[in-house]
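Visitor: I am attaching a structure below and will ask some questions about it afterwards.
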Amino acid sequence: MNIFLAMIPAFLWGTTYAVTKYATPDWPPILLGALRALPAGLLLFVLKPSWPKTKQWRGLVLLAVVNIALFFSFIFIMAVNLPAAIAGVGMVSVPVVALIYAWVFKKQRPAFLQSVCALILVILAWRLFDPQHVTINALGVFALIGALLTIVVGSTLVQKMSTHTHWWTVLTWQLIIGGSLLSLVAMTQAIYFDPQQYQVLANGVSSIQWLALFWLIVPNTALAYILYVWLLGRMTVVEFTFGTIANPIAGIICAVVLLSEHYQVWQYTIMVLMIFFSVLPQLLKLTRRQRSAKIV
């Protein structure tokens, strides 16, 4: 049951790219990040007020910069500059970045199967992102790489923070601090550096855009992050990984339904293979663990 519940936040996050491109394609990515993070954090604070201790602020600020400010900026740059389905599927490359990060910074050599699956993911991603078949924006690809890096680094920081800070405090204040930082950057950009980019807001906000913002703030961020953290306390990371399959699936479905994105059969095949190889090591690990439990 928990694995199916884990699919809910993953599916919600997978809708980000298509919803953004459908409703707010011309809005500045930094502004979108601020509008997604800050209201969600304030909502969580209203639901359950919590204040960090003095010694916890430094770690929360660092976490907010990486996990919210940078990550949300990269996500919305991807949403604006990459096809929605491609952006969603591209995020399954997290295991590759995680392996490289663990190898370089933690001196943890990956297992043989992990290395093979990571290599296959790189080959498949190279094929899927081939400019001869898909119109790819270099800025979007850069944002994808940045998002993958911030996920890995941010997850490490969350684990460290959660050992001495209540998870609700971490969740609430990373959104509030990160959203506040993004708001300041967006205001500075609008006033001093690129006011033209914010002229789109002079046209007003349509009902569809209000609905999109509600979706991004409440289900997509507040609800999804609550469920995500709550589930991590009740299941292993390996088990939770299976739920993330719903992320690229949501990205593909929303891209087809909202944006009428269509691809050739071989491209859909590559997407499915990338999803499969991203979870294969965890699938085999969980299978072995269940078999061992039965034997005992």
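Quick note on naming: the chains in the structure tokens go A, B, ... in the order shown, residues restart at 1 in each chain, and ligands are numbered from 1 in order of appearance.
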Residues of segment 63-96 of chain A that have any atom at most 9 Å from an atom of segment 252-274 of chain A: could you tabulate them with the shortest-distance atom pair and the distance in Å to one decimal, using only C-alpha atoms, ordered by chain and increasing number, as a tab-separated table?

Guide:
residue	atom	partner	partner_atom	distance
A:Pro83	CA	A:Glu261	CA	7.8
A:Ala84	CA	A:Ala255	CA	5.4
A:Ala85	CA	A:Ile252	CA	4.4
A:Ile86	CA	A:Ile252	CA	7.9
A:Gly88	CA	A:Ile252	CA	7.0
A:Val89	CA	A:Met271	CA	6.3
A:Gly90	CA	A:Met274	CA	8.6
A:Val92	CA	A:Met274	CA	7.0
A:Ser93	CA	A:Met274	CA	8.0

Visitor: Extract, using only C-alpha atoms, all DNA, RNA and protein residues at most 12 Å from segment 201-204 of chain A, discarding same-chain residues fewer than 4 positions from it, and format them as number ranges by chain.

Guide: A: 24-28, 31-32, 190, 195-197, 208-210

Visitor: Which residues of segment 19-96 of chain A sit at most 10 Å from segment 168-179 of chain A, using only C-alpha atoms? Give each one's shortest atom pair and distance in Å (one decimal place), in chain and ascending residue order, as a Markdown table.

Guide:
| residue | atom | partner | partner_atom | distance |
| --- | --- | --- | --- | --- |
| A:Ile30 | CA | A:Gly179 | CA | 9.7 |
| A:Leu31 | CA | A:Gly179 | CA | 9.4 |
| A:Leu32 | CA | A:Gly179 | CA | 9.9 |
| A:Gly33 | CA | A:Gly179 | CA | 7.1 |
| A:Ala34 | CA | A:Gly179 | CA | 4.7 |
| A:Leu35 | CA | A:Gly179 | CA | 7.3 |
| A:Arg36 | CA | A:Gly179 | CA | 7.6 |
| A:Ala37 | CA | A:Gly179 | CA | 4.7 |
| A:Leu38 | CA | A:Gly179 | CA | 4.1 |
| A:Pro39 | CA | A:Ile176 | CA | 7.8 |
| A:Ala40 | CA | A:Leu175 | CA | 6.9 |
| A:Gly41 | CA | A:Leu175 | CA | 4.7 |
| A:Leu42 | CA | A:Ile176 | CA | 6.4 |
| A:Leu43 | CA | A:Thr172 | CA | 8.6 |
| A:Leu44 | CA | A:Thr172 | CA | 5.8 |
| A:Phe45 | CA | A:Thr172 | CA | 6.2 |
| A:Val46 | CA | A:Thr172 | CA | 9.8 |
| A:Lys48 | CA | A:Trp168 | CA | 8.3 |
| A:Pro49 | CA | A:Thr169 | CA | 8.5 |
| A:Ser50 | CA | A:Thr169 | CA | 5.8 |
| A:Trp51 | CA | A:Thr169 | CA | 6.8 |
| A:Pro52 | CA | A:Thr169 | CA | 6.6 |
| A:Lys53 | CA | A:Thr169 | CA | 9.9 |
| A:Gln56 | CA | A:Val170 | CA | 9.4 |
| A:Trp57 | CA | A:Trp173 | CA | 9.2 |
| A:Gly59 | CA | A:Val170 | CA | 9.5 |
| A:Leu60 | CA | A:Gln174 | CA | 6.1 |
| A:Val61 | CA | A:Ile177 | CA | 6.6 |
| A:Leu62 | CA | A:Gln174 | CA | 8.8 |
| A:Leu63 | CA | A:Gln174 | CA | 6.4 |
| A:Ala64 | CA | A:Gln174 | CA | 4.4 |
| A:Val65 | CA | A:Gly178 | CA | 5.8 |
| A:Val66 | CA | A:Gly178 | CA | 8.4 |
| A:Asn67 | CA | A:Gln174 | CA | 7.6 |
| A:Ile68 | CA | A:Gly178 | CA | 5.1 |
| A:Ala69 | CA | A:Gly178 | CA | 4.8 |
| A:Leu70 | CA | A:Gly178 | CA | 8.5 |
| A:Phe71 | CA | A:Gly178 | CA | 9.7 |
| A:Phe72 | CA | A:Gly178 | CA | 9.0 |

Visitor: Write the residues of the selection above to a file with C-alpha atoms, as a CSV table (one decimal), in the first residue's frame.

Guide:
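What ended up in part_15.csv:
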chain,number,residue,atom,x,y,z
A,30,ILE,CA,12.3,32.5,-11.0
A,31,LEU,CA,8.9,34.1,-10.3
A,32,LEU,CA,7.2,30.8,-10.8
A,33,GLY,CA,9.6,29.2,-8.3
A,34,ALA,CA,8.8,31.9,-5.8
A,35,LEU,CA,5.0,31.5,-6.3
A,36,ARG,CA,5.3,27.8,-5.9
A,37,ALA,CA,7.5,27.7,-2.8
A,38,LEU,CA,6.6,30.6,-0.5
A,39,PRO,CA,2.8,30.2,-0.4
A,40,ALA,CA,3.2,26.5,0.2
A,41,GLY,CA,5.6,27.1,3.0
A,42,LEU,CA,3.3,29.6,4.6
A,43,LEU,CA,0.4,27.2,4.3
A,44,LEU,CA,2.3,24.5,6.1
A,45,PHE,CA,3.3,27.0,8.8
A,46,VAL,CA,-0.4,28.0,9.3
A,48,LYS,CA,1.3,23.6,12.1
A,49,PRO,CA,3.4,26.5,13.3
A,50,SER,CA,7.0,25.5,14.1
A,51,TRP,CA,10.2,27.6,14.8
A,52,PRO,CA,13.7,26.5,14.2
A,53,LYS,CA,16.2,26.8,17.1
A,56,GLN,CA,19.4,25.3,13.1
A,57,TRP,CA,19.0,28.4,10.9
A,59,GLY,CA,21.6,24.6,8.0
A,60,LEU,CA,18.1,25.5,6.9
A,61,VAL,CA,19.3,28.5,4.8
A,62,LEU,CA,21.8,26.3,3.0
A,63,LEU,CA,19.2,23.6,2.5
A,64,ALA,CA,16.7,26.2,1.2
A,65,VAL,CA,19.2,27.6,-1.3
A,66,VAL,CA,20.0,24.2,-2.8
A,67,ASN,CA,16.7,22.3,-2.4
A,68,ILE,CA,14.3,25.0,-3.1
A,69,ALA,CA,15.8,28.2,-4.6
A,70,LEU,CA,18.1,26.5,-7.1
A,71,PHE,CA,16.0,23.4,-7.7
A,72,PHE,CA,12.8,25.2,-8.3

Visitor: Tell me which of A:Val218, A:Ala147, A:Val152, A:Ala138 sits closest to Pro95 of chain A, counting only C-alpha atoms.

Guide: A:Val152

Visitor: My list of candidates is A:Leu227, A:Ile123, A:Ile151, A:Ala212. Which is closest to Met91 of chain A when distances are computed with only C-alpha atoms?

Guide: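 Among the listed residues, the smallest separation from Met91 of chain A belongs to A:Ile151.
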
Visitor: When distances are computed from only C-alpha atoms, which of A:Met78, A:Met161, A:Val94, A:Ala118 shows the smallest separation from Leu139 of chain A?

Guide: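 Smallest separation from Leu139 of chain A among the options: A:Met78.
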
Visitor: Between atom CA of Asn220 of chain A and atom CA of Leu12 of chain A, what distance in Å does the model show, to one decimal?

Guide: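 Between atom CA of Asn220 of chain A and atom CA of Leu12 of chain A the gap is 5.2 Å.
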
Visitor: Between A:Ile8, A:Ile245, A:Leu144, A:Val200, single out the one closest to Gln282 of chain A, counting only C-alpha atoms.

Guide: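 Closest residue, counting only C-alpha atoms: A:Ile245.
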
Visitor: Identify which of the residues A:Val116, A:Ala246, A:Ile145, A:Ala23 lies closest to Trp215 of chain A, counting only C-alpha atoms when measuring atom-to-atom distances.

Guide: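 Closest to Trp215 of chain A of all the choices is A:Ala23.
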
Visitor: Counting only C-alpha atoms, figure out which residue out of A:Val229, A:Val158, A:Leu181, A:Ala125 gets nearest to Ser278 of chain A.

Guide: A:Ala125

Visitor: Please indicate the distance in Å from atom CA of Ile226 of chain A to atom CA of Arg289 of chain A, rounded to one decimal place.

Guide: 27.7 Å

Visitor: Between atom CA of Asp130 of chain A and atom CA of Ala143 of chain A, what is the distance in Å, rounded to a tenth?

Guide: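 Answer for the atom CA of Asp130 of chain A to atom CA of Ala143 of chain A separation: 16.9 Å.
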